[in-house]
$ cat final.txt   # compact mmCIF, C-alpha atoms
# COMPACT_ATOMS: atom_id res chain seq x y z
CA MET O 716 16.94 19.20 -22.52
CA GLU O 717 15.49 18.93 -26.03
CA LYS O 718 18.91 18.86 -27.74
CA LEU O 719 20.24 16.31 -25.25
CA MET O 720 17.26 14.04 -25.96
CA ILE O 721 17.79 14.28 -29.72
CA ILE O 722 21.49 13.45 -29.32
CA PHE O 723 20.64 10.51 -27.05
CA ILE O 724 18.12 9.16 -29.59
CA LEU O 725 20.57 9.45 -32.49
CA LEU O 726 23.31 7.81 -30.40
CA GLN O 727 21.30 4.58 -30.00
CA PRO O 728 22.71 2.74 -33.06
CA LEU O 729 26.28 3.64 -32.03
CA LEU O 730 25.65 2.53 -28.45
CA ASP O 731 24.30 -0.79 -29.74
CA ILE O 732 27.42 -1.55 -31.77
CA SER O 733 29.84 -0.29 -29.08
CA TYR O 734 29.53 -3.62 -27.24
CA THR O 735 30.74 -5.54 -30.31
CA LEU O 736 33.55 -3.00 -30.85
CA ASN O 737 34.60 -3.32 -27.16
CA PHE O 738 34.41 0.39 -26.45
CA LEU O 739 34.75 0.15 -22.64
CA ASN O 740 31.05 -0.60 -22.05
CA ILE O 741 30.23 2.93 -23.21
CA ASN O 742 26.62 1.82 -23.87
CA LEU O 743 26.13 0.86 -20.20
CA ILE O 744 27.68 4.12 -19.02
CA VAL O 745 25.60 6.39 -21.29
CA ARG O 746 22.34 4.52 -20.63
CA GLY O 747 23.12 4.42 -16.92
CA ILE O 748 23.61 8.22 -16.90
CA PHE O 749 20.30 8.61 -18.78
CA LEU O 750 18.53 6.49 -16.13
CA VAL O 751 19.99 8.61 -13.32
CA LEU O 752 18.98 11.87 -15.06
CA ILE O 753 15.40 10.80 -15.75
CA THR O 754 15.11 9.54 -12.16
CA LEU O 755 16.14 12.99 -10.88
CA TYR O 756 13.66 14.55 -13.32
CA LEU O 757 10.83 12.38 -11.98
CA ILE O 758 11.72 13.17 -8.36
CA LYS O 759 11.48 16.86 -9.26
CA GLU O 760 8.14 16.51 -11.08
CA LYS O 761 6.01 14.86 -8.34
CA LYS O 762 2.70 15.04 -10.24
CA ASP O 763 1.11 11.65 -9.87
CA LYS O 764 0.35 10.41 -6.34
CA PRO O 765 -0.32 6.75 -7.33
CA LEU O 766 3.02 6.64 -9.17
CA GLU O 767 4.83 8.27 -6.25
CA LEU O 768 3.47 5.54 -3.99
CA LEU O 769 4.73 2.93 -6.46
CA TYR O 770 8.28 4.29 -6.15
CA ILE O 771 8.37 3.09 -2.53
CA PRO O 772 8.12 -0.69 -3.20
CA LEU O 773 10.46 -0.23 -6.18
CA ILE O 774 13.13 1.38 -3.95
CA ILE O 775 12.66 -1.29 -1.27
CA PHE O 776 13.01 -3.96 -3.95
CA MET O 777 16.23 -2.34 -5.17
CA PHE O 778 17.88 -2.38 -1.71
CA VAL O 779 16.87 -5.98 -1.03
CA TYR O 780 18.08 -7.04 -4.46
CA ILE O 781 21.45 -5.27 -4.27
CA PHE O 782 22.32 -5.80 -0.61
CA GLY O 783 20.38 -8.98 0.04
CA PHE O 784 21.18 -12.42 -1.19
CA HIS O 785 21.77 -12.37 -4.95
CA TYR O 786 24.94 -11.40 -6.78
CA SER O 787 28.01 -9.20 -6.42
CA ILE O 788 27.27 -5.46 -6.15
CA ILE O 789 28.24 -4.88 -9.81
CA LYS O 790 25.98 -7.65 -11.15
CA SER O 791 23.14 -6.62 -8.83
CA VAL O 792 23.30 -3.03 -10.09
CA LYS O 793 23.35 -4.30 -13.69
CA TYR O 794 20.25 -6.47 -13.22
CA ILE O 795 18.35 -3.88 -11.15
CA THR O 796 19.06 -1.29 -13.88
CA LYS O 797 17.41 -3.63 -16.42
CA LEU O 798 14.33 -3.84 -14.19
CA PHE O 799 14.14 -0.08 -13.56
CA TYR O 800 14.76 1.05 -17.12
CA LEU O 801 11.34 0.30 -18.58
CA PRO O 802 9.10 1.68 -15.78
CA PHE O 803 11.18 4.85 -15.35
CA THR O 804 11.37 5.40 -19.12
CA LEU O 805 7.60 5.00 -19.42
CA VAL O 806 6.93 7.53 -16.67
CA PHE O 807 9.57 9.97 -17.94
CA PHE O 808 8.21 10.11 -21.49
CA TYR O 809 4.68 10.36 -20.14
CA TYR O 810 5.70 13.64 -18.44
CA TYR O 811 8.28 14.88 -20.97
CA LYS O 812 7.21 18.28 -22.39
CA ASP O 813 9.86 19.38 -24.91
CA ASP O 814 9.31 18.79 -28.60
CA ILE O 815 11.17 16.06 -30.46
CA ASP O 816 10.50 16.21 -34.20
CA ASN O 817 9.45 12.83 -35.60
CA LYS O 818 12.03 13.22 -38.37
CA TYR O 819 14.78 12.28 -35.89
CA PHE O 820 13.30 8.80 -35.56
CA VAL O 821 13.50 8.48 -39.36
CA TYR O 822 17.17 9.53 -39.15
CA GLU O 823 17.70 6.94 -36.44
CA LEU O 824 16.22 4.19 -38.63
CA VAL O 825 18.47 5.29 -41.52
CA LEU O 826 21.50 5.04 -39.18
CA TYR O 827 20.58 1.50 -38.12
CA LEU O 828 20.08 0.40 -41.74
CA ALA O 829 23.26 2.16 -42.92
CA ILE O 830 25.43 0.50 -40.24
CA TYR O 831 24.00 -2.90 -41.09
CA TYR O 832 24.33 -2.58 -44.87
CA ILE O 833 27.86 -1.13 -44.71
CA SER O 834 29.02 -4.06 -42.56
CA TRP O 835 27.18 -6.51 -44.87
CA ILE O 836 28.57 -5.06 -48.14
CA PHE O 837 32.15 -4.83 -46.89
CA GLY O 838 32.01 -8.13 -45.03
CA PHE O 839 32.93 -7.08 -41.51
CA GLY O 840 30.84 -8.10 -38.54
CA ASN O 841 29.55 -11.40 -37.24
CA GLU O 842 27.36 -14.25 -38.35
CA ILE O 843 24.41 -15.04 -36.06
CA TYR O 844 25.17 -18.73 -35.74
CA GLU O 845 28.42 -20.43 -34.74
CA ASP O 846 30.63 -22.43 -37.10
CA GLY O 847 29.31 -25.92 -37.64
CA VAL O 848 25.67 -24.83 -37.36
CA LYS O 849 23.94 -25.14 -40.73
CA LYS O 850 21.60 -22.20 -40.11
CA VAL O 851 22.57 -18.90 -41.76
CA GLY O 852 22.16 -15.26 -40.83
CA PHE O 853 24.31 -12.14 -40.65
CA LYS O 854 24.05 -9.66 -37.77
CA GLY O 855 26.95 -7.36 -38.63
CA LEU O 856 28.17 -5.22 -35.75
CA PHE O 857 25.06 -5.66 -33.61
CA ASN O 858 25.38 -7.90 -30.57
CA SER O 859 21.79 -9.03 -30.01
CA ILE O 860 19.89 -9.72 -33.20
CA ASN O 861 16.54 -9.94 -31.36
CA GLU O 862 17.02 -6.46 -29.89
CA PHE O 863 18.12 -5.09 -33.28
CA SER O 864 15.10 -6.65 -35.01
CA ALA O 865 12.61 -5.24 -32.48
CA ILE O 866 14.13 -1.74 -32.72
CA VAL O 867 14.09 -1.69 -36.55
CA ILE O 868 10.44 -2.81 -36.62
CA MET O 869 9.45 -0.10 -34.11
CA LEU O 870 11.33 2.63 -35.96
CA LEU O 871 9.92 1.54 -39.32
CA GLY O 872 6.35 1.76 -37.98
CA ILE O 873 6.98 5.23 -36.54
CA SER O 874 8.74 6.36 -39.74
CA ILE O 875 6.03 5.10 -42.13
CA ASN O 876 3.36 6.86 -40.05
CA TYR O 877 5.32 10.14 -40.15
CA LEU O 878 6.33 9.94 -43.83
CA GLN O 879 2.77 9.15 -44.96
CA LYS O 880 1.49 12.28 -43.21
CA LYS O 881 4.24 14.33 -44.88
CA LYS O 882 3.36 12.64 -48.22
CA LYS O 883 6.96 11.51 -48.67
CA TYR O 884 5.93 8.21 -50.23
CA ILE O 885 9.16 7.52 -52.15
CA ILE O 886 11.28 7.68 -48.97
CA CYS O 887 8.66 5.51 -47.28
CA ILE O 888 8.93 2.85 -50.02
CA ILE O 889 12.77 2.94 -50.01
CA LEU O 890 12.99 2.42 -46.22
CA SER O 891 10.39 -0.35 -46.37
CA ALA O 892 12.25 -2.09 -49.21
CA LEU O 893 15.60 -1.84 -47.41
CA THR O 894 14.06 -3.31 -44.26
CA ALA O 895 12.45 -6.10 -46.28
CA ILE O 896 15.83 -7.02 -47.85
CA LEU O 897 17.45 -6.86 -44.41
CA SER O 898 14.82 -9.27 -43.05
CA MET O 899 15.86 -11.82 -45.68
CA THR O 900 19.54 -11.67 -44.72
CA LEU O 901 19.10 -11.82 -40.94
CA GLY O 902 17.53 -15.27 -40.84
CA THR O 903 15.33 -14.59 -37.77
CA LYS O 904 11.54 -14.73 -37.47
CA VAL O 905 11.03 -11.48 -35.52
CA ILE O 906 11.83 -8.96 -38.22
CA LEU O 907 10.18 -10.93 -41.05
CA GLY O 908 6.98 -11.54 -39.06
CA GLY O 909 6.94 -7.97 -37.74
CA LEU O 910 7.40 -6.58 -41.23
CA ILE O 911 4.46 -8.58 -42.59
CA ILE O 912 2.22 -7.42 -39.70
CA LEU O 913 3.28 -3.79 -40.23
CA PHE O 914 2.56 -3.86 -43.95
CA LEU O 915 -0.86 -5.43 -43.38
CA TYR O 916 -1.68 -2.71 -40.83
CA PHE O 917 -0.71 0.20 -43.10
CA LEU O 918 -2.27 -1.26 -46.26
CA TYR O 919 -5.59 -2.37 -44.75
CA ASN O 920 -7.47 0.97 -44.63
CA PRO O 921 -6.32 2.33 -48.05
CA PHE O 922 -7.11 -1.03 -49.65
CA LYS O 923 -10.56 -1.19 -48.01
CA GLU O 924 -11.48 2.30 -49.22
CA TYR O 925 -10.21 1.53 -52.73
CA PHE O 926 -11.94 -1.87 -52.88
CA ILE O 927 -15.39 -0.60 -51.78
CA LYS O 928 -15.57 1.91 -54.64
CA LYS O 929 -14.91 -0.65 -57.37
CA SER O 930 -17.40 -2.56 -59.55
CA ILE O 931 -18.09 -6.30 -59.19
CA LYS O 932 -15.80 -7.16 -62.12
CA SER O 933 -13.00 -5.02 -60.71
CA LYS O 934 -13.43 -6.62 -57.29
CA ILE O 935 -13.13 -10.12 -58.79
CA PHE O 936 -9.98 -9.07 -60.65
CA ILE O 937 -8.50 -7.54 -57.47
CA MET O 938 -9.24 -10.72 -55.50
CA LEU O 939 -7.55 -12.88 -58.16
CA LEU O 940 -4.59 -10.50 -58.12
CA LEU O 941 -4.38 -10.80 -54.32
CA VAL O 942 -4.37 -14.61 -54.58
CA ALA O 943 -1.50 -14.36 -57.08
CA ILE O 944 0.40 -12.00 -54.75
CA VAL O 945 -0.08 -14.41 -51.83
CA PHE O 946 1.32 -17.30 -53.90
CA LEU O 947 4.24 -15.17 -55.06
CA SER O 948 4.92 -14.00 -51.50
CA SER O 949 4.83 -17.60 -50.28
CA PHE O 950 7.43 -18.50 -52.90
CA LEU O 951 9.66 -15.58 -51.86
CA ILE O 952 9.37 -16.44 -48.15
CA THR O 953 10.44 -20.04 -48.81
CA ASN O 954 13.67 -18.65 -50.28
CA THR O 955 14.53 -16.50 -47.26
CA SER O 956 17.14 -17.41 -44.66
CA THR O 957 14.38 -17.42 -42.04
CA TYR O 958 12.40 -20.16 -43.78
CA LYS O 959 15.51 -22.23 -44.55
CA ASN O 960 16.60 -21.99 -40.90
CA ALA O 961 13.15 -23.15 -39.78
CA GLU O 962 13.42 -26.15 -42.13
CA ILE O 963 16.85 -27.04 -40.69
CA GLN O 964 15.45 -26.77 -37.17
CA LYS O 965 12.46 -28.94 -38.09
CA LYS O 966 14.75 -31.69 -39.41
CA TYR O 967 17.06 -31.42 -36.40
CA PHE O 968 14.22 -31.86 -33.88
CA LYS O 969 12.44 -34.38 -36.16
CA VAL O 970 9.04 -32.68 -36.06
CA ASN O 971 6.72 -32.71 -39.07
CA ASN O 972 3.24 -31.77 -37.84
CA VAL O 973 3.05 -27.99 -38.29
CA PHE O 974 -0.05 -27.74 -36.08
CA SER O 975 1.42 -29.62 -33.11
CA LEU O 976 2.58 -28.03 -29.85
CA ASN O 977 5.92 -29.78 -30.36
CA TYR O 978 6.40 -27.97 -33.71
CA VAL O 979 5.47 -24.61 -32.15
CA ASN O 980 7.97 -25.15 -29.33
CA LYS O 981 10.87 -26.61 -31.33
CA VAL O 982 10.62 -24.56 -34.54
CA ILE O 983 8.69 -21.34 -33.80
CA PHE O 984 9.94 -20.79 -30.23
CA ASN O 985 13.36 -22.48 -30.65
CA ASN O 986 12.66 -25.00 -27.87
CA ARG O 987 12.14 -22.23 -25.29
CA PHE O 988 9.30 -24.04 -23.48
CA SER O 989 11.78 -26.66 -22.26
CA PHE O 990 13.67 -23.83 -20.49
CA VAL O 991 10.40 -22.78 -18.85
CA SER O 992 10.14 -26.27 -17.34
CA LYS O 993 13.74 -26.22 -16.07
CA ASN O 994 13.39 -22.71 -14.61
CA HIS O 995 10.14 -23.60 -12.90
CA LYS O 996 11.67 -26.63 -11.20
CA LEU O 997 14.45 -24.44 -9.80
CA TYR O 998 11.90 -21.82 -8.75
CA TYR O 999 9.69 -24.41 -7.05
CA LYS O 1000 12.64 -25.71 -5.00
CA SER O 1001 13.88 -22.22 -4.03
CA ASN O 1002 13.29 -20.53 -0.65
CA ILE O 1003 10.68 -17.86 0.06
CA LEU O 1004 13.09 -14.97 -0.55
CA ASN O 1005 13.95 -16.33 -4.01
CA LYS O 1006 10.27 -16.76 -4.79
CA MET O 1007 9.61 -13.13 -3.86
CA PHE O 1008 12.76 -11.54 -5.34
CA GLY O 1009 13.90 -13.99 -8.04
CA ILE O 1010 16.40 -16.80 -8.48
CA ASN O 1011 20.01 -16.37 -9.58
CA ARG O 1012 21.21 -16.54 -13.14
CA ASN O 1013 23.94 -19.18 -13.08
CA ILE O 1014 25.33 -22.13 -15.02
CA THR O 1015 22.30 -24.29 -14.22
CA ARG O 1016 19.71 -21.61 -15.07
CA LYS O 1017 19.38 -20.05 -18.50
CA ASP O 1018 16.95 -17.36 -19.56
CA VAL O 1019 13.84 -18.57 -21.36
CA GLU O 1020 13.94 -15.59 -23.78
CA ILE O 1021 10.21 -15.09 -23.32
CA ASP O 1022 10.15 -11.89 -21.30
CA LEU O 1023 7.25 -12.53 -18.93
CA PHE O 1024 8.84 -15.81 -17.82
CA ASP O 1025 12.32 -14.26 -17.50
CA LEU O 1026 10.88 -11.34 -15.58
CA PHE O 1027 9.13 -13.69 -13.17
CA TYR O 1028 12.07 -16.04 -12.57
CA THR O 1029 14.73 -13.30 -12.41
CA TYR O 1030 12.89 -10.79 -10.21
CA GLY O 1031 10.34 -12.98 -8.45
CA ILE O 1032 6.71 -12.25 -7.66
CA ILE O 1033 7.37 -8.68 -6.43
CA GLY O 1034 9.47 -7.57 -9.42
CA PHE O 1035 7.01 -9.19 -11.84
CA ILE O 1036 3.99 -7.42 -10.30
CA LEU O 1037 5.77 -4.05 -10.14
CA MET O 1038 6.72 -4.19 -13.82
CA LEU O 1039 3.20 -5.14 -14.94
CA ILE O 1040 1.64 -2.38 -12.81
CA TYR O 1041 3.82 0.27 -14.47
CA ILE O 1042 3.15 -1.03 -18.00
CA ILE O 1043 -0.63 -1.27 -17.47
CA TYR O 1044 -0.95 1.99 -15.51
CA ILE O 1045 1.05 4.20 -17.91
CA GLY O 1046 -0.43 2.44 -20.96
CA TYR O 1047 -3.93 3.14 -19.64
CA LYS O 1048 -3.25 6.76 -18.63
CA SER O 1049 -1.67 7.51 -22.00
CA LYS O 1050 -4.92 6.72 -23.87
CA LEU O 1051 -3.00 5.07 -26.69
CA LYS O 1052 -4.70 5.25 -30.09
CA GLY O 1053 -4.13 4.22 -33.70
CA ILE O 1054 -0.60 3.37 -34.77
CA TYR O 1055 0.78 3.94 -31.26
CA LEU O 1056 -1.60 1.47 -29.63
CA PHE O 1057 -0.76 -0.98 -32.41
CA MET O 1058 3.02 -0.51 -31.97
CA PHE O 1059 2.74 -0.82 -28.17
CA ILE O 1060 0.89 -4.14 -28.52
CA LEU O 1061 3.29 -5.34 -31.24
CA LEU O 1062 6.28 -4.65 -29.00
CA LEU O 1063 4.63 -6.62 -26.19
CA LEU O 1064 4.03 -9.52 -28.61
CA ILE O 1065 7.68 -9.44 -29.71
CA SER O 1066 8.70 -9.61 -26.04
CA GLU O 1067 6.80 -12.90 -25.76
CA THR O 1068 8.17 -14.48 -28.93
CA SER O 1069 11.85 -13.53 -28.93
CA GLY O 1070 12.45 -11.84 -25.57
CA HIS O 1071 15.04 -9.07 -25.06
CA VAL O 1072 12.41 -6.32 -24.87
CA LEU O 1073 11.01 -5.65 -21.38
CA MET O 1074 14.39 -6.02 -19.69
CA SER O 1075 16.56 -4.58 -22.45
CA PRO O 1076 17.35 -0.85 -22.02
CA SER O 1077 18.02 -0.46 -25.76
CA VAL O 1078 14.53 -1.77 -26.68
CA SER O 1079 12.42 -0.76 -23.68
CA LEU O 1080 13.28 2.87 -24.48
CA TYR O 1081 10.83 2.60 -27.41
CA PHE O 1082 7.89 1.89 -25.13
CA GLY O 1083 8.53 5.35 -23.69
CA ILE O 1084 8.93 6.89 -27.14
CA ILE O 1085 5.59 5.41 -28.22
CA ILE O 1086 3.96 6.97 -25.12
CA TYR O 1087 5.57 10.34 -25.94
CA LEU O 1088 4.57 10.36 -29.63
CA ASN O 1089 0.99 9.36 -28.79
CA LYS O 1090 0.74 12.20 -26.24
CA LYS O 1091 2.20 14.65 -28.75
CA GLU O 1092 -0.31 13.66 -31.44
CA LEU O 1093 -3.27 13.84 -29.04
CA LYS O 1094 -2.13 17.30 -27.95
CA ASN O 1095 -1.83 18.53 -31.54

$ encode --input "final.txt" --output "structure tokens"
Amino acid sequence: MEKLMIIFILLQPLLDISYTLNFLNINLIVRGIFLVLITLYLIKEKKDKPLELLYIPLIIFMFVYIFGFHYSIIKSVKYITKLFYLPFTLVFFYYYKDDIDNKYFVYELVLYLAIYYISWIFGFGNEIYEDGVKKVGFKGLFNSINEFSAIVIMLLGISINYLQKKKKYIICIILSALTAILSMTLGTKVILGGLIILFLYFLYNPFKEYFIKKSIKSKIFIMLLLVAIVFLSSFLITNTSTYKNAEIQKKYFKVNNVFSLNYVNKVIFNNRFSFVSKNHKLYYKSNILNKMFGINRNITRKDVEIDLFDLFYTYGIIGFILMLIYIIYIGYKSKLKGIYLFMFILLLLISETSGHVLMSPSVSLYFGIIIYLNKKELKN
């Protein structure tokens, strides 16, 4: 089981690019097999009575969703798999006993960065934005840039934590620098914002300890140096693709007041709140079954790309409640601490700014990995 898990983890970057390379939906097949296997594992375990009781409404929901009133069987299975993936992954990694060395997550991050940089250097892969759109950004062989960004941020946080403990600071700096350069070429807010938050988290405690020991003169000098760094960082950020894209979007939507709700919606959230309004109108007009089990994705309804809204409109009241119960229950039972609590919260925040987290098998896997690594550290 241990070797299979390591192989599955290291396969993630290749599974993510298989969609772009049109490899017969191999990513769906492999991740589908993984879901079946962990489901069988959980049926065998039977250790947590409250969770066992929660399986019942989940199974009922599945049958209603697939054989009820929604889509074709194939589409229903696809969407129900997206709903099941996160809760079952959370529970599986909560129970998983075999050891997975943290170094494999560093290897996985290196694979993601290597695939991106190779495609960037040699010029094969895709731009994020279509021809005619002034915004710039390169996503290489990865299909969803939001998913890719969230995964890289999660793996970087896990890797920095591991490498610091092993005192491998040079590797830590190299991976951080490569990710920082990558954030400037992508042109999206998720990875740049996540990177800044990560660096602040890891630098806060060492800086605080260093700062307290210094004299008054040294503290003044350090503060002036910090102000200079902030100004320099501001200059660098204004030259990134992310900032330039935000400026283009601001001009397109004709919004100037940075502190207005309109600016937040149009520039920060890419006009996603307008999709909330449209989805809610459709939801309000739908019948009771749609309200309980979700409304169809079709030409007239687009995802909001804010996961809590998409979860609610796609799976209805019942699916929404079931997902939240699993996240809260396993999160609470896991007694998350330190970096793992921070990463868990950060991943939830990313799900509400860019989407493609709670209902994305490729990203939701990392909620389970965070649970596993936290349990492993507490045990040690």

$ residues_around --input "final.txt" --residues "Leu766 in chain O" --least-positions-apart "5" --cutoff "12 Å" --atoms "all atoms listed in the file" --output "compact mmCIF listing (two decimals) with C-alpha atoms, in the frame of the given file"
# COMPACT_ATOMS: atom_id res chain seq x y z
CA LEU O 757 10.83 12.38 -11.98
CA ILE O 758 11.72 13.17 -8.36
CA GLU O 760 8.14 16.51 -11.08
CA LYS O 761 6.01 14.86 -8.34
CA ILE O 771 8.37 3.09 -2.53
CA PRO O 772 8.12 -0.69 -3.20
CA LEU O 773 10.46 -0.23 -6.18
CA PRO O 802 9.10 1.68 -15.78
CA PHE O 803 11.18 4.85 -15.35
CA LEU O 805 7.60 5.00 -19.42
CA VAL O 806 6.93 7.53 -16.67
CA PHE O 807 9.57 9.97 -17.94
CA TYR O 809 4.68 10.36 -20.14
CA TYR O 810 5.70 13.64 -18.44
CA LEU O 1037 5.77 -4.05 -10.14
CA ILE O 1040 1.64 -2.38 -12.81
CA TYR O 1041 3.82 0.27 -14.47
CA ILE O 1042 3.15 -1.03 -18.00
CA TYR O 1044 -0.95 1.99 -15.51
CA ILE O 1045 1.05 4.20 -17.91
CA LYS O 1048 -3.25 6.76 -18.63

$ atom_distance --input "final.txt" --atom1 "CA of Leu1064 in chain O" --atom2 "CA of Phe1024 in chain O"
13.4 Å

$ residues_around --input "final.txt" --residues "Ile866 in chain O" --least-positions-apart "2" --cutoff "10 Å" --atoms "all atoms listed in the file" --output "list in words"
Gln727, Pro728, Leu824, Tyr827, Ile860, Asn861, Glu862, Phe863, Ser864, Ile868, Met869, Leu870, Leu871, Ile906, Leu1062, Val1072, Ser1077, Val1078, Ser1079, Leu1080 and Tyr1081 of chain O

$ residues_around --input "final.txt" --residues "Lys1091 in chain O" --least-positions-apart "3" --cutoff "12 Å" --atoms "only C-alpha atoms" --output "PDB file with C-alpha atoms, in the coordinates of the input"
ATOM      1  CA  PHE O 808       8.210  10.110 -21.490  1.00  0.00           C
ATOM      2  CA  TYR O 809       4.680  10.360 -20.140  1.00  0.00           C
ATOM      3  CA  TYR O 810       5.700  13.640 -18.440  1.00  0.00           C
ATOM      4  CA  TYR O 811       8.280  14.880 -20.970  1.00  0.00           C
ATOM      5  CA  LYS O 812       7.210  18.280 -22.390  1.00  0.00           C
ATOM      6  CA  ASP O 813       9.860  19.380 -24.910  1.00  0.00           C
ATOM      7  CA  ASP O 814       9.310  18.790 -28.600  1.00  0.00           C
ATOM      8  CA  ILE O 815      11.170  16.060 -30.460  1.00  0.00           C
ATOM      9  CA  ASP O 816      10.500  16.210 -34.200  1.00  0.00           C
ATOM     10  CA  ASN O 817       9.450  12.830 -35.600  1.00  0.00           C
ATOM     11  CA  SER O1049      -1.670   7.510 -22.000  1.00  0.00           C
ATOM     12  CA  LYS O1050      -4.920   6.720 -23.870  1.00  0.00           C
ATOM     13  CA  LEU O1051      -3.000   5.070 -26.690  1.00  0.00           C
ATOM     14  CA  LYS O1052      -4.700   5.250 -30.090  1.00  0.00           C
ATOM     15  CA  TYR O1055       0.780   3.940 -31.260  1.00  0.00           C
ATOM     16  CA  ILE O1084       8.930   6.890 -27.140  1.00  0.00           C
ATOM     17  CA  ILE O1085       5.590   5.410 -28.220  1.00  0.00           C
ATOM     18  CA  ILE O1086       3.960   6.970 -25.120  1.00  0.00           C
ATOM     19  CA  TYR O1087       5.570  10.340 -25.940  1.00  0.00           C
ATOM     20  CA  LEU O1088       4.570  10.360 -29.630  1.00  0.00           C
ATOM     21  CA  LYS O1094      -2.130  17.300 -27.950  1.00  0.00           C
ATOM     22  CA  ASN O1095      -1.830  18.530 -31.540  1.00  0.00           C
TER      23      ASN O1095
END

$ residues_around --input "final.txt" --residues "Gly1034 in chain O" --least-positions-apart "4" --cutoff "7 Å" --atoms "all atoms listed in the file" --output "PyMOL selection string"
chain O and resi 1008+1030+1038

$ residues_around --input "final.txt" --residues "Ile1033 in chain O" --least-positions-apart "5" --cutoff "12 Å" --atoms "all atoms listed in the file" --output "list in words"
Leu769, Pro772, Leu773, Ile774, Ile775, Phe776, Met777, Val779, Tyr780, Leu798, Ile1003, Leu1004, Asn1005, Lys1006, Met1007, Phe1008, Gly1009, Leu1026, Phe1027, Tyr1028, Met1038, Leu1039 and Ile1040 of chain O

$ atom_distance --input "final.txt" --atom1 "CA of Ile843 in chain O" --atom2 "CA of Leu826 in chain O"
20.5 Å

$ closest_residue --input "final.txt" --among "O:Ile896, O:Ile833, O:Ile744, O:Leu913" --to "Ile1054 in chain O" --atoms "all atoms listed in the file"
O:Leu913

$ atom_distance --input "final.txt" --atom1 "CA of Leu915 in chain O" --atom2 "CA of Leu725 in chain O"
28.3 Å

$ axis_aligned_box --input "final.txt" --around "range 989-1003 of chain O" --padding-each-side "3 Å" --output "AutoDock Vina command-line options"
--center_x 12.1 --center_y -22.3 --center_z -11.1 --size_x 10.8 --size_y 14.8 --size_z 28.3

$ closest_residue --input "final.txt" --among "O:Gly872, O:Gly747, O:Gly909, O:Gly1070" --to "Cys887 in chain O" --atoms "all atoms listed in the file"
O:Gly872
